[in-house]
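A.B. asks: Contents of target-v6.tsv (TSV, C-alpha atoms) are given next:
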```tsv
chain	number	residue	atom	x	y	z
A	26	MET	CA	-17.45	3.59	-8.00
A	27	ASP	CA	-14.33	2.69	-10.01
A	28	GLU	CA	-12.41	-0.28	-8.71
A	29	SER	CA	-9.01	-0.03	-7.09
A	30	TYR	CA	-6.15	-2.17	-8.43
A	31	LEU	CA	-2.89	-3.36	-6.91
A	32	VAL	CA	-0.19	-4.26	-9.45
A	33	THR	CA	2.68	-6.24	-7.93
A	34	GLY	CA	5.89	-5.83	-9.88
A	35	GLY	CA	4.34	-2.70	-11.31
A	36	ALA	CA	7.67	-0.92	-11.84
A	37	GLY	CA	9.10	-3.70	-14.04
A	38	PHE	CA	8.52	-4.42	-17.71
A	39	ILE	CA	4.87	-5.41	-18.17
A	40	GLY	CA	3.62	-3.66	-15.02
A	41	PRO	CA	3.97	-0.03	-16.15
A	42	HIS	CA	2.11	-0.78	-19.40
A	43	LEU	CA	-0.70	-2.25	-17.32
A	44	VAL	CA	-0.67	0.72	-14.95
A	45	ASP	CA	-1.01	3.10	-17.91
A	46	ALA	CA	-3.97	1.17	-19.30
A	47	LEU	CA	-5.76	1.07	-15.94
A	48	LEU	CA	-5.28	4.79	-15.37
A	49	ALA	CA	-6.60	5.50	-18.87
A	50	ARG	CA	-9.79	3.68	-17.83
A	51	GLY	CA	-10.14	5.80	-14.70
A	52	LYS	CA	-9.05	3.12	-12.22
A	53	ARG	CA	-7.27	3.79	-8.94
A	54	VAL	CA	-3.87	2.13	-9.02
A	55	ARG	CA	-1.33	1.13	-6.38
A	56	VAL	CA	2.01	-0.55	-7.13
A	57	LEU	CA	4.06	-2.88	-4.94
A	58	ASP	CA	7.66	-3.37	-6.06
A	59	ASN	CA	10.97	-3.93	-4.28
A	60	LEU	CA	12.79	-2.33	-7.24
A	61	SER	CA	15.27	-5.21	-7.51
A	62	THR	CA	14.50	-5.67	-11.21
A	63	GLY	CA	11.91	-2.90	-11.55
A	64	ARG	CA	12.83	0.77	-11.87
A	65	ARG	CA	11.26	3.81	-10.30
A	66	GLU	CA	11.69	5.76	-13.55
A	67	ASN	CA	9.33	3.33	-15.31
A	68	LEU	CA	6.53	5.02	-13.33
A	69	SER	CA	7.92	8.57	-13.24
A	70	HIS	CA	5.43	9.75	-15.86
A	71	VAL	CA	2.51	8.80	-13.56
A	72	SER	CA	4.13	9.55	-10.21
A	73	GLY	CA	1.30	11.87	-9.18
A	74	GLU	CA	-1.40	9.35	-10.08
A	75	VAL	CA	-0.05	6.09	-8.67
A	76	GLU	CA	0.85	5.13	-5.11
A	77	LEU	CA	4.16	3.25	-5.14
A	78	ILE	CA	4.85	1.05	-2.12
A	79	GLU	CA	8.37	-0.30	-1.88
A	80	GLY	CA	8.27	-3.80	-0.46
A	81	ASP	CA	9.19	-7.43	-0.96
A	82	LEU	CA	6.75	-10.21	-1.79
A	83	ARG	CA	8.45	-12.36	0.83
A	84	SER	CA	6.97	-10.14	3.55
A	85	TYR	CA	3.31	-10.99	4.19
A	86	GLU	CA	2.89	-7.79	6.23
A	87	ARG	CA	4.15	-5.62	3.39
A	88	VAL	CA	1.94	-7.33	0.83
A	89	TYR	CA	-1.09	-7.05	3.12
A	90	THR	CA	-0.46	-3.33	3.59
A	91	ALA	CA	-0.43	-2.91	-0.19
A	92	ALA	CA	-3.56	-5.02	-0.74
A	93	VAL	CA	-5.80	-3.28	1.82
A	94	GLY	CA	-8.50	-1.27	0.08
A	95	CYS	CA	-7.96	-2.89	-3.32
A	96	ASP	CA	-10.65	-4.74	-5.26
A	97	VAL	CA	-8.35	-6.50	-7.73
A	98	VAL	CA	-4.73	-7.66	-7.49
A	99	LEU	CA	-2.74	-8.20	-10.69
A	100	HIS	CA	0.27	-10.25	-9.64
A	101	LEU	CA	3.24	-9.69	-11.94
A	102	GLY	CA	5.89	-9.54	-9.21
A	103	ALA	CA	8.40	-12.37	-9.69
A	104	LEU	CA	12.04	-13.21	-10.32
A	105	PRO	CA	12.22	-13.96	-14.06
A	106	SER	CA	14.81	-15.94	-16.02
A	107	VAL	CA	15.53	-19.64	-16.43
A	108	PRO	CA	19.34	-19.18	-16.09
A	109	ARG	CA	18.89	-17.17	-12.88
A	110	SER	CA	16.69	-19.90	-11.42
A	111	ILE	CA	19.30	-22.55	-12.22
A	112	GLN	CA	22.03	-20.50	-10.52
A	113	ASP	CA	19.91	-19.61	-7.48
A	114	PRO	CA	16.82	-21.82	-7.15
A	115	LEU	CA	16.26	-20.97	-3.48
A	116	THR	CA	15.68	-17.27	-4.15
A	117	THR	CA	13.52	-18.02	-7.20
A	118	ASN	CA	11.38	-20.31	-5.06
A	119	ALA	CA	11.16	-17.85	-2.16
A	120	VAL	CA	9.99	-14.98	-4.39
A	121	ASN	CA	7.86	-16.84	-6.94
A	122	VAL	CA	6.26	-19.47	-4.70
A	123	THR	CA	6.28	-18.16	-1.11
A	124	GLY	CA	5.80	-14.62	-2.43
A	125	THR	CA	2.79	-15.71	-4.48
A	126	LEU	CA	1.25	-17.44	-1.48
A	127	ASN	CA	1.73	-14.22	0.49
A	128	VAL	CA	-0.10	-12.34	-2.28
A	129	LEU	CA	-3.00	-14.80	-2.18
A	130	LEU	CA	-3.35	-14.84	1.60
A	131	ALA	CA	-2.93	-11.08	1.95
A	132	SER	CA	-5.51	-10.55	-0.80
A	133	ARG	CA	-7.93	-12.90	0.95
A	134	ASP	CA	-7.42	-11.17	4.30
A	135	ALA	CA	-7.77	-7.71	2.73
A	136	GLY	CA	-11.10	-8.59	1.08
A	137	VAL	CA	-9.83	-8.49	-2.52
A	138	ARG	CA	-12.46	-9.61	-5.06
A	139	ARG	CA	-10.16	-11.21	-7.64
A	140	ALA	CA	-6.45	-11.86	-8.15
A	141	VAL	CA	-4.82	-12.54	-11.54
A	142	LEU	CA	-1.41	-14.24	-11.84
A	143	ALA	CA	1.26	-13.84	-14.49
A	144	SER	CA	2.36	-17.45	-14.95
A	145	SER	CA	4.58	-18.66	-17.77
A	146	SER	CA	4.74	-21.02	-20.73
A	147	SER	CA	7.77	-22.51	-18.95
A	148	VAL	CA	5.36	-24.75	-17.00
A	149	TYR	CA	4.92	-26.93	-20.10
A	150	GLY	CA	8.58	-27.89	-20.46
A	151	PRO	CA	9.95	-29.66	-23.56
A	152	THR	CA	6.68	-31.07	-24.85
A	153	GLN	CA	6.72	-32.63	-28.32
A	154	THR	CA	3.07	-31.78	-29.06
A	155	LEU	CA	2.30	-28.36	-30.53
A	156	PRO	CA	0.46	-26.11	-30.04
A	157	LYS	CA	0.51	-26.25	-26.26
A	158	THR	CA	-2.94	-26.48	-24.68
A	159	GLU	CA	-3.91	-25.97	-21.07
A	160	SER	CA	-5.08	-29.60	-20.79
A	161	MET	CA	-1.61	-30.97	-21.57
A	162	GLN	CA	0.53	-32.52	-18.86
A	163	THR	CA	2.99	-29.99	-17.45
A	164	CYS	CA	6.67	-30.92	-17.20
A	165	PRO	CA	8.78	-27.85	-16.33
A	166	ALA	CA	12.48	-28.19	-17.15
A	167	SER	CA	13.90	-25.55	-14.80
A	168	PRO	CA	13.39	-24.24	-11.27
A	169	TYR	CA	11.79	-21.17	-12.85
A	170	GLY	CA	9.19	-23.35	-14.59
A	171	VAL	CA	8.57	-25.31	-11.39
A	172	SER	CA	8.05	-22.06	-9.45
A	173	ASN	CA	5.49	-20.85	-11.97
A	174	LEU	CA	3.59	-24.13	-11.88
A	175	ALA	CA	3.51	-24.07	-8.07
A	176	ALA	CA	2.30	-20.46	-8.11
A	177	GLU	CA	-0.56	-21.13	-10.53
A	178	GLN	CA	-1.60	-24.26	-8.65
A	179	TYR	CA	-1.80	-22.18	-5.48
A	180	PHE	CA	-4.05	-19.77	-7.40
A	181	VAL	CA	-6.38	-22.53	-8.56
A	182	ALA	CA	-6.49	-24.12	-5.09
A	183	CYS	CA	-7.15	-20.84	-3.29
A	184	ASN	CA	-9.94	-20.05	-5.73
A	185	GLY	CA	-11.65	-23.22	-4.55
A	186	VAL	CA	-11.19	-22.90	-0.80
A	187	TYR	CA	-11.44	-19.14	-0.17
A	188	SER	CA	-14.08	-16.60	-1.11
A	189	MET	CA	-11.65	-14.67	-3.32
A	190	GLU	CA	-11.59	-15.39	-7.07
A	191	ALA	CA	-8.27	-16.28	-8.72
A	192	VAL	CA	-7.18	-16.55	-12.36
A	193	ALA	CA	-3.81	-17.61	-13.86
A	194	LEU	CA	-2.48	-16.54	-17.26
A	195	ARG	CA	0.36	-18.47	-18.91
A	196	LEU	CA	2.33	-15.83	-20.80
A	197	PHE	CA	4.41	-16.73	-23.86
A	198	ASN	CA	7.63	-14.78	-24.56
A	199	VAL	CA	6.39	-11.26	-23.92
A	200	PHE	CA	8.34	-8.39	-25.51
A	201	GLY	CA	8.07	-4.65	-26.05
A	202	PRO	CA	9.12	-1.23	-24.73
A	203	ARG	CA	10.62	-1.02	-21.21
A	204	GLN	CA	12.16	-4.48	-21.45
A	205	ASP	CA	15.69	-4.14	-20.08
A	206	PRO	CA	18.50	-5.14	-22.50
A	207	THR	CA	21.30	-4.52	-19.97
A	208	SER	CA	20.74	-7.40	-17.54
A	209	GLN	CA	22.69	-10.65	-17.87
A	210	TYR	CA	19.25	-12.31	-17.72
A	211	SER	CA	17.69	-10.21	-20.49
A	212	ALA	CA	15.18	-11.75	-22.86
A	213	VAL	CA	16.25	-12.43	-26.43
A	214	ILE	CA	14.40	-9.65	-28.28
A	215	PRO	CA	15.85	-6.63	-26.42
A	216	LEU	CA	19.31	-8.23	-26.71
A	217	PHE	CA	18.93	-8.69	-30.47
A	218	VAL	CA	17.58	-5.17	-30.97
A	219	GLN	CA	20.33	-3.62	-28.89
A	220	ALA	CA	22.99	-5.52	-30.84
A	221	ALA	CA	21.45	-4.36	-34.12
A	222	LEU	CA	21.39	-0.72	-33.01
A	223	LEU	CA	24.99	-0.90	-31.76
A	224	GLY	CA	26.25	-2.70	-34.87
A	225	THR	CA	27.37	-5.79	-32.97
A	226	ARG	CA	26.61	-9.47	-33.65
A	227	PRO	CA	23.78	-10.96	-31.57
A	228	THR	CA	24.30	-14.38	-29.99
A	229	ILE	CA	21.93	-17.28	-30.61
A	230	PHE	CA	22.23	-20.21	-28.21
A	231	GLY	CA	21.60	-23.21	-30.47
A	232	ASP	CA	21.18	-23.34	-34.24
A	233	GLY	CA	18.41	-20.74	-34.45
A	234	THR	CA	15.72	-23.18	-35.52
A	235	GLN	CA	14.16	-23.16	-32.05
A	236	SER	CA	10.83	-21.34	-32.12
A	237	ARG	CA	8.77	-19.12	-29.83
A	238	ASP	CA	5.28	-17.62	-29.71
A	239	PHE	CA	6.47	-14.03	-29.29
A	240	THR	CA	3.75	-11.88	-27.71
A	241	TYR	CA	3.75	-8.08	-27.81
A	242	VAL	CA	3.15	-6.51	-24.41
A	243	ALA	CA	-0.06	-4.67	-25.38
A	244	ASN	CA	-1.75	-8.02	-26.00
A	245	VAL	CA	-0.83	-9.17	-22.49
A	246	VAL	CA	-2.12	-5.93	-20.97
A	247	ASP	CA	-5.47	-6.49	-22.70
A	248	ALA	CA	-5.65	-10.08	-21.43
A	249	PHE	CA	-4.98	-9.02	-17.84
A	250	GLN	CA	-7.73	-6.42	-17.88
A	251	ARG	CA	-10.16	-8.94	-19.32
A	252	ALA	CA	-9.15	-11.56	-16.75
A	253	ALA	CA	-9.84	-9.09	-13.94
A	254	THR	CA	-13.53	-8.89	-14.82
A	255	ALA	CA	-14.58	-11.75	-17.12
A	256	GLU	CA	-17.37	-13.98	-15.89
A	257	GLY	CA	-16.35	-17.62	-15.88
A	258	ALA	CA	-12.64	-16.86	-15.56
A	259	ALA	CA	-12.34	-17.62	-11.83
A	260	GLY	CA	-10.33	-20.78	-11.16
A	261	GLN	CA	-9.13	-20.98	-14.78
A	262	VAL	CA	-5.62	-21.24	-16.23
A	263	MET	CA	-5.25	-19.80	-19.74
A	264	ASN	CA	-2.57	-19.31	-22.38
A	265	VAL	CA	-1.92	-15.74	-23.50
A	266	ALA	CA	0.05	-15.43	-26.74
A	267	CYS	CA	-0.41	-14.69	-30.42
A	268	GLY	CA	-1.01	-18.29	-31.49
A	269	GLU	CA	1.84	-18.32	-34.02
A	270	ARG	CA	5.51	-19.19	-33.84
A	271	ARG	CA	8.74	-17.80	-35.24
A	272	THR	CA	12.24	-19.24	-35.18
A	273	LEU	CA	15.11	-17.24	-33.73
A	274	ASN	CA	16.55	-17.05	-37.24
A	275	ASP	CA	13.25	-15.47	-38.38
A	276	LEU	CA	13.52	-13.06	-35.46
A	277	ILE	CA	17.02	-12.01	-36.53
A	278	ASP	CA	15.70	-11.22	-40.03
A	279	GLN	CA	12.71	-9.28	-38.66
A	280	VAL	CA	14.87	-7.19	-36.32
A	281	GLY	CA	17.31	-6.52	-39.15
A	282	GLN	CA	14.51	-5.28	-41.40
A	283	ALA	CA	13.17	-2.98	-38.64
A	284	VAL	CA	16.62	-1.53	-37.98
A	285	GLY	CA	17.64	-1.38	-41.65
A	286	ALA	CA	20.65	-3.64	-41.32
A	287	THR	CA	21.74	-7.20	-42.11
A	288	LEU	CA	22.43	-9.08	-38.91
A	289	GLU	CA	24.91	-11.93	-38.73
A	290	PRO	CA	24.43	-13.81	-35.47
A	291	VAL	CA	27.04	-15.73	-33.51
A	292	TYR	CA	25.86	-19.28	-32.80
A	293	ALA	CA	26.78	-20.72	-29.40
A	294	ALA	CA	26.02	-23.93	-27.54
A	295	SER	CA	22.45	-24.41	-26.33
A	296	ARG	CA	21.81	-23.53	-22.69
A	297	VAL	CA	20.63	-25.92	-20.01
A	298	GLY	CA	16.90	-25.54	-19.36
A	299	ASP	CA	16.07	-23.89	-22.70
A	300	ILE	CA	13.02	-25.22	-24.57
A	301	ALA	CA	13.26	-26.08	-28.28
A	302	HIS	CA	9.76	-24.99	-29.31
A	303	SER	CA	6.96	-22.98	-27.74
A	304	PHE	CA	3.64	-22.32	-29.48
A	305	ALA	CA	0.32	-21.59	-27.79
A	306	ASP	CA	-3.24	-22.63	-28.41
A	307	ILE	CA	-5.20	-19.52	-27.36
A	308	THR	CA	-8.68	-20.95	-27.94
A	309	LYS	CA	-9.52	-20.93	-24.24
A	310	ALA	CA	-8.56	-17.28	-23.72
A	311	ARG	CA	-10.60	-16.34	-26.79
A	312	SER	CA	-13.62	-18.18	-25.41
A	313	VAL	CA	-13.43	-17.23	-21.72
A	314	LEU	CA	-11.94	-13.73	-21.95
A	315	GLY	CA	-12.90	-12.62	-25.44
A	316	TYR	CA	-9.15	-12.18	-25.96
A	317	ALA	CA	-7.67	-11.65	-29.41
A	318	PRO	CA	-4.14	-10.31	-30.05
A	319	SER	CA	-4.37	-6.81	-31.49
A	320	VAL	CA	-0.66	-6.24	-32.27
A	321	ASN	CA	1.07	-8.76	-34.52
A	322	PHE	CA	4.69	-9.85	-34.37
A	323	GLY	CA	6.03	-7.53	-37.09
A	324	ASP	CA	4.32	-4.42	-35.75
A	325	GLY	CA	5.46	-5.30	-32.24
A	326	ILE	CA	9.09	-5.56	-33.35
A	327	ALA	CA	8.82	-2.20	-35.15
A	328	LYS	CA	7.38	-0.53	-32.02
A	329	THR	CA	10.09	-2.08	-29.84
A	330	VAL	CA	12.89	-0.96	-32.18
A	331	ALA	CA	11.46	2.58	-32.29
A	332	TRP	CA	11.36	2.75	-28.48
A	333	MET	CA	14.91	1.44	-28.06
A	334	ARG	CA	16.18	3.81	-30.76
A	335	GLU	CA	14.77	6.79	-28.84
A	336	ARG	CA	16.45	5.51	-25.71
```
Output the structure of this file as structure tokens.
C.D. replies:
Amino acid sequence: MDESYLVTGGAGFIGPHLVDALLARGKRVRVLDNLSTGRRENLSHVSGEVELIEGDLRSYERVYTAAVGCDVVLHLGALPSVPRSIQDPLTTNAVNVTGTLNVLLASRDAGVRRAVLASSSSVYGPTQTLPKTESMQTCPASPYGVSNLAAEQYFVACNGVYSMEAVALRLFNVFGPRQDPTSQYSAVIPLFVQAALLGTRPTIFGDGTQSRDFTYVANVVDAFQRAATAEGAAGQVMNVACGERRTLNDLIDQVGQAVGATLEPVYAASRVGDIAHSFADITKARSVLGYAPSVNFGDGIAKTVAWMRER
């Protein structure tokens, strides 16, 4: 019998892509989302195939109700954004840490076989050594990074003390269709693409030489599905990225090429909590999950621009 999946945060950015992939493989899918940053319309195309439960991660009872009858929980529900976490660390902690513990305990109590967490490269902090490997010391530089580290440590600990299996994936700068460019906490790529399409000047905080391991969303979706089933993955923490880095100035050029325009950014002061460089070693995910990025940076930007143009 096909397994049943719960996707927390399934109406957000990454979640709907994952829902689509699971449905394409014949899985039964349920979504838990409080729709604070997610949107019902992100699932409108599969409304007859997916059960959407509106609820908050901070409610154990609501999470338990969603987890009952599911074999696998893919936990993407969280409050994103470093700036948001600096402005309101209490809410970030309540959702990302207490909410994650609710997911783990509800999954345990509901008899879930395995849970997979969307953690973040923010757990590493401003490390000088590149690429970043899972064995490095973590030193998060923001409440958001701290909340992700606490969440993944709960996953590893619960894997050891409960019968349920748990896996954590450290995601690096995910981008692609459905990423919201309208929020004050939007990620850099949708903001740059929107500026290019509107003919305005995008803002770079810093001098543009800071670099990121930008990861197209389809690669992350593949990693999550592999982490849900791979033998030897239980109790592991793994980087998920493309294993290459681009500066923000490179990104501006790439977006400009995809849009067919020359972009002239506005340079502003660096923001508190931002990391200068982020670049992943993905050897462990290759070995444990058989993961390999299938969509490269340039193709990912082109797909993202095409989607935002249609919008």
A.B. asks: From the list A:Pro206, A:Gly231, A:Pro105, A:Pro215, which residue is nearest A:Ser295 when using only C-alpha atoms?
C.D. replies: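 The closest residue to A:Ser295 is A:Gly231.
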A.B. asks: Set the distance at 12 Å and use all atoms listed in the file: which residues neighbour A:Gly170 once local chain neighbours fewer than 2 positions away are removed? I'd like the list as an NGL selection string.
C.D. replies: :A and (104-111 or 114 or 117-118 or 121-122 or 144-151 or 163-168 or 172-177 or 195-196 or 298-300)
A.B. asks: Those same residues, written as a PDB file, in the frame of the given file with C-alpha atoms?
C.D. replies:
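Result written to selection.pdb:
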```pdb
ATOM      1  CA  LEU A 104      12.040 -13.210 -10.320  1.00  0.00           C
ATOM      2  CA  PRO A 105      12.220 -13.960 -14.060  1.00  0.00           C
ATOM      3  CA  SER A 106      14.810 -15.940 -16.020  1.00  0.00           C
ATOM      4  CA  VAL A 107      15.530 -19.640 -16.430  1.00  0.00           C
ATOM      5  CA  PRO A 108      19.340 -19.180 -16.090  1.00  0.00           C
ATOM      6  CA  ARG A 109      18.890 -17.170 -12.880  1.00  0.00           C
ATOM      7  CA  SER A 110      16.690 -19.900 -11.420  1.00  0.00           C
ATOM      8  CA  ILE A 111      19.300 -22.550 -12.220  1.00  0.00           C
ATOM      9  CA  PRO A 114      16.820 -21.820  -7.150  1.00  0.00           C
ATOM     10  CA  THR A 117      13.520 -18.020  -7.200  1.00  0.00           C
ATOM     11  CA  ASN A 118      11.380 -20.310  -5.060  1.00  0.00           C
ATOM     12  CA  ASN A 121       7.860 -16.840  -6.940  1.00  0.00           C
ATOM     13  CA  VAL A 122       6.260 -19.470  -4.700  1.00  0.00           C
ATOM     14  CA  SER A 144       2.360 -17.450 -14.950  1.00  0.00           C
ATOM     15  CA  SER A 145       4.580 -18.660 -17.770  1.00  0.00           C
ATOM     16  CA  SER A 146       4.740 -21.020 -20.730  1.00  0.00           C
ATOM     17  CA  SER A 147       7.770 -22.510 -18.950  1.00  0.00           C
ATOM     18  CA  VAL A 148       5.360 -24.750 -17.000  1.00  0.00           C
ATOM     19  CA  TYR A 149       4.920 -26.930 -20.100  1.00  0.00           C
ATOM     20  CA  GLY A 150       8.580 -27.890 -20.460  1.00  0.00           C
ATOM     21  CA  PRO A 151       9.950 -29.660 -23.560  1.00  0.00           C
ATOM     22  CA  THR A 163       2.990 -29.990 -17.450  1.00  0.00           C
ATOM     23  CA  CYS A 164       6.670 -30.920 -17.200  1.00  0.00           C
ATOM     24  CA  PRO A 165       8.780 -27.850 -16.330  1.00  0.00           C
ATOM     25  CA  ALA A 166      12.480 -28.190 -17.150  1.00  0.00           C
ATOM     26  CA  SER A 167      13.900 -25.550 -14.800  1.00  0.00           C
ATOM     27  CA  PRO A 168      13.390 -24.240 -11.270  1.00  0.00           C
ATOM     28  CA  SER A 172       8.050 -22.060  -9.450  1.00  0.00           C
ATOM     29  CA  ASN A 173       5.490 -20.850 -11.970  1.00  0.00           C
ATOM     30  CA  LEU A 174       3.590 -24.130 -11.880  1.00  0.00           C
ATOM     31  CA  ALA A 175       3.510 -24.070  -8.070  1.00  0.00           C
ATOM     32  CA  ALA A 176       2.300 -20.460  -8.110  1.00  0.00           C
ATOM     33  CA  GLU A 177      -0.560 -21.130 -10.530  1.00  0.00           C
ATOM     34  CA  ARG A 195       0.360 -18.470 -18.910  1.00  0.00           C
ATOM     35  CA  LEU A 196       2.330 -15.830 -20.800  1.00  0.00           C
ATOM     36  CA  GLY A 298      16.900 -25.540 -19.360  1.00  0.00           C
ATOM     37  CA  ASP A 299      16.070 -23.890 -22.700  1.00  0.00           C
ATOM     38  CA  ILE A 300      13.020 -25.220 -24.570  1.00  0.00           C
TER      39      ILE A 300
END
```
A.B. asks: Could I get the residues of stretch 127-235 of chain A with an atom no further than 9 Å from an atom of stretch 27-46 of chain A, each paired with its nearest atom pair and that distance in Å to one decimal, using only C-alpha atoms, sorted by chain and residue number, as a Markdown table?
C.D. replies:
```
| residue | atom | partner | partner_atom | distance |
| --- | --- | --- | --- | --- |
| A:Val128 | CA | A:Thr33 | CA | 8.8 |
| A:Val199 | CA | A:Ile39 | CA | 8.3 |
| A:Phe200 | CA | A:Ile39 | CA | 8.6 |
| A:Gly201 | CA | A:Phe38 | CA | 8.4 |
| A:Pro202 | CA | A:Phe38 | CA | 7.7 |
| A:Arg203 | CA | A:Phe38 | CA | 5.3 |
| A:Gln204 | CA | A:Phe38 | CA | 5.2 |
| A:Asp205 | CA | A:Phe38 | CA | 7.6 |
```
A.B. asks: Show me as a PyMOL selection string the residues that reach within 10 Å of (-6.0, -20.2, -30.1), counting all atoms listed in the file and using the file's own coordinates.
C.D. replies: chain A and resi 156-158+264-269+304-312+316-317
A.B. asks: Generate a file of the selected residues that holds C-alpha atoms, formatted as an mmCIF file, in the coordinates of the input.
C.D. replies:
```
data_model
loop_
_atom_site.group_PDB
_atom_site.id
_atom_site.type_symbol
_atom_site.label_atom_id
_atom_site.label_comp_id
_atom_site.auth_asym_id
_atom_site.auth_seq_id
_atom_site.Cartn_x
_atom_site.Cartn_y
_atom_site.Cartn_z
ATOM 1 C CA PRO A 156 0.460 -26.110 -30.040
ATOM 2 C CA LYS A 157 0.510 -26.250 -26.260
ATOM 3 C CA THR A 158 -2.940 -26.480 -24.680
ATOM 4 C CA ASN A 264 -2.570 -19.310 -22.380
ATOM 5 C CA VAL A 265 -1.920 -15.740 -23.500
ATOM 6 C CA ALA A 266 0.050 -15.430 -26.740
ATOM 7 C CA CYS A 267 -0.410 -14.690 -30.420
ATOM 8 C CA GLY A 268 -1.010 -18.290 -31.490
ATOM 9 C CA GLU A 269 1.840 -18.320 -34.020
ATOM 10 C CA PHE A 304 3.640 -22.320 -29.480
ATOM 11 C CA ALA A 305 0.320 -21.590 -27.790
ATOM 12 C CA ASP A 306 -3.240 -22.630 -28.410
ATOM 13 C CA ILE A 307 -5.200 -19.520 -27.360
ATOM 14 C CA THR A 308 -8.680 -20.950 -27.940
ATOM 15 C CA LYS A 309 -9.520 -20.930 -24.240
ATOM 16 C CA ALA A 310 -8.560 -17.280 -23.720
ATOM 17 C CA ARG A 311 -10.600 -16.340 -26.790
ATOM 18 C CA SER A 312 -13.620 -18.180 -25.410
ATOM 19 C CA TYR A 316 -9.150 -12.180 -25.960
ATOM 20 C CA ALA A 317 -7.670 -11.650 -29.410
#
```
A.B. asks: Give me, as a count of residues only, all polymer residues having an atom no more than 10 Å from A:Ile214, counting only C-alpha atoms and skipping those fewer than 3 positions away in the same chain.
C.D. replies: 20
A.B. asks: Calculate how many Å separate atom CA of A:Val291 from atom CA of A:Lys328, rounding to one decimal.
C.D. replies: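 Interatomic distance here is 24.9 Å.
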A.B. asks: Would you pick out the contacts of A:His302 at 7 Å or less, using all atoms listed in the file, so that residues sharing its chain but fewer than 5 positions from it are not included, and give the list as a list in words?
C.D. replies: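 So, after excluding close chain neighbours, the residues are Gln235, Ser236 and Arg237 of chain A.
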A.B. asks: To one decimal in Å, tell me the separation between atom CA of A:Gln282 and atom CA of A:Asp232.
C.D. replies: 20.5 Å
A.B. asks: Could you check the closest approach to A:Ala182 for each of A:Val262, A:Val97, A:Ala248, A:Ile229 and tell me which residue wins, using only C-alpha atoms?
C.D. replies: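 Once distances to A:Ala182 are computed over only C-alpha atoms, the minimum belongs to A:Val262.
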A.B. asks: What is the atom CA of A:Asn244 to atom CA of A:His70 distance in Å?
C.D. replies: 21.7 Å
A.B. asks: Choose the residue, out of A:Leu115, A:Leu129, A:Ala243, A:Ile78, that has the smallest atom-to-atom separation from A:Val192; count all atoms listed in the file.
C.D. replies: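 The answer is A:Leu129, which sits nearest to A:Val192.
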A.B. asks: Considering all atoms listed in the file, can you say which of A:Val213, A:Leu126, A:Leu222, A:Val242 comes closest to A:Val320?
C.D. replies: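 Selected residue with least distance to A:Val320: A:Val242.
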A.B. asks: Tell me which protein, DNA and RNA residues are within 9 Å of A:Phe249, counting all atoms listed in the file, leaving out same-chain ones fewer than 5 positions away, and put them as a compact mmCIF listing (two decimals) with C-alpha atoms, keeping the file's coordinate frame.
C.D. replies:
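Final file, part34.txt:
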```
# COMPACT_ATOMS: atom_id res chain seq x y z
CA LEU A 43 -0.70 -2.25 -17.32
CA LEU A 99 -2.74 -8.20 -10.69
CA VAL A 141 -4.82 -12.54 -11.54
CA LEU A 142 -1.41 -14.24 -11.84
CA ALA A 143 1.26 -13.84 -14.49
CA LEU A 194 -2.48 -16.54 -17.26
CA ASN A 244 -1.75 -8.02 -26.00
```
A.B. asks: Which residue out of A:Val56, A:Val245, A:Ala212, A:Ala221 has the minimum interatomic distance to A:Arg87 when all atoms listed in the file are used?
C.D. replies: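 Closest to A:Arg87, using all atoms listed in the file: A:Val56.
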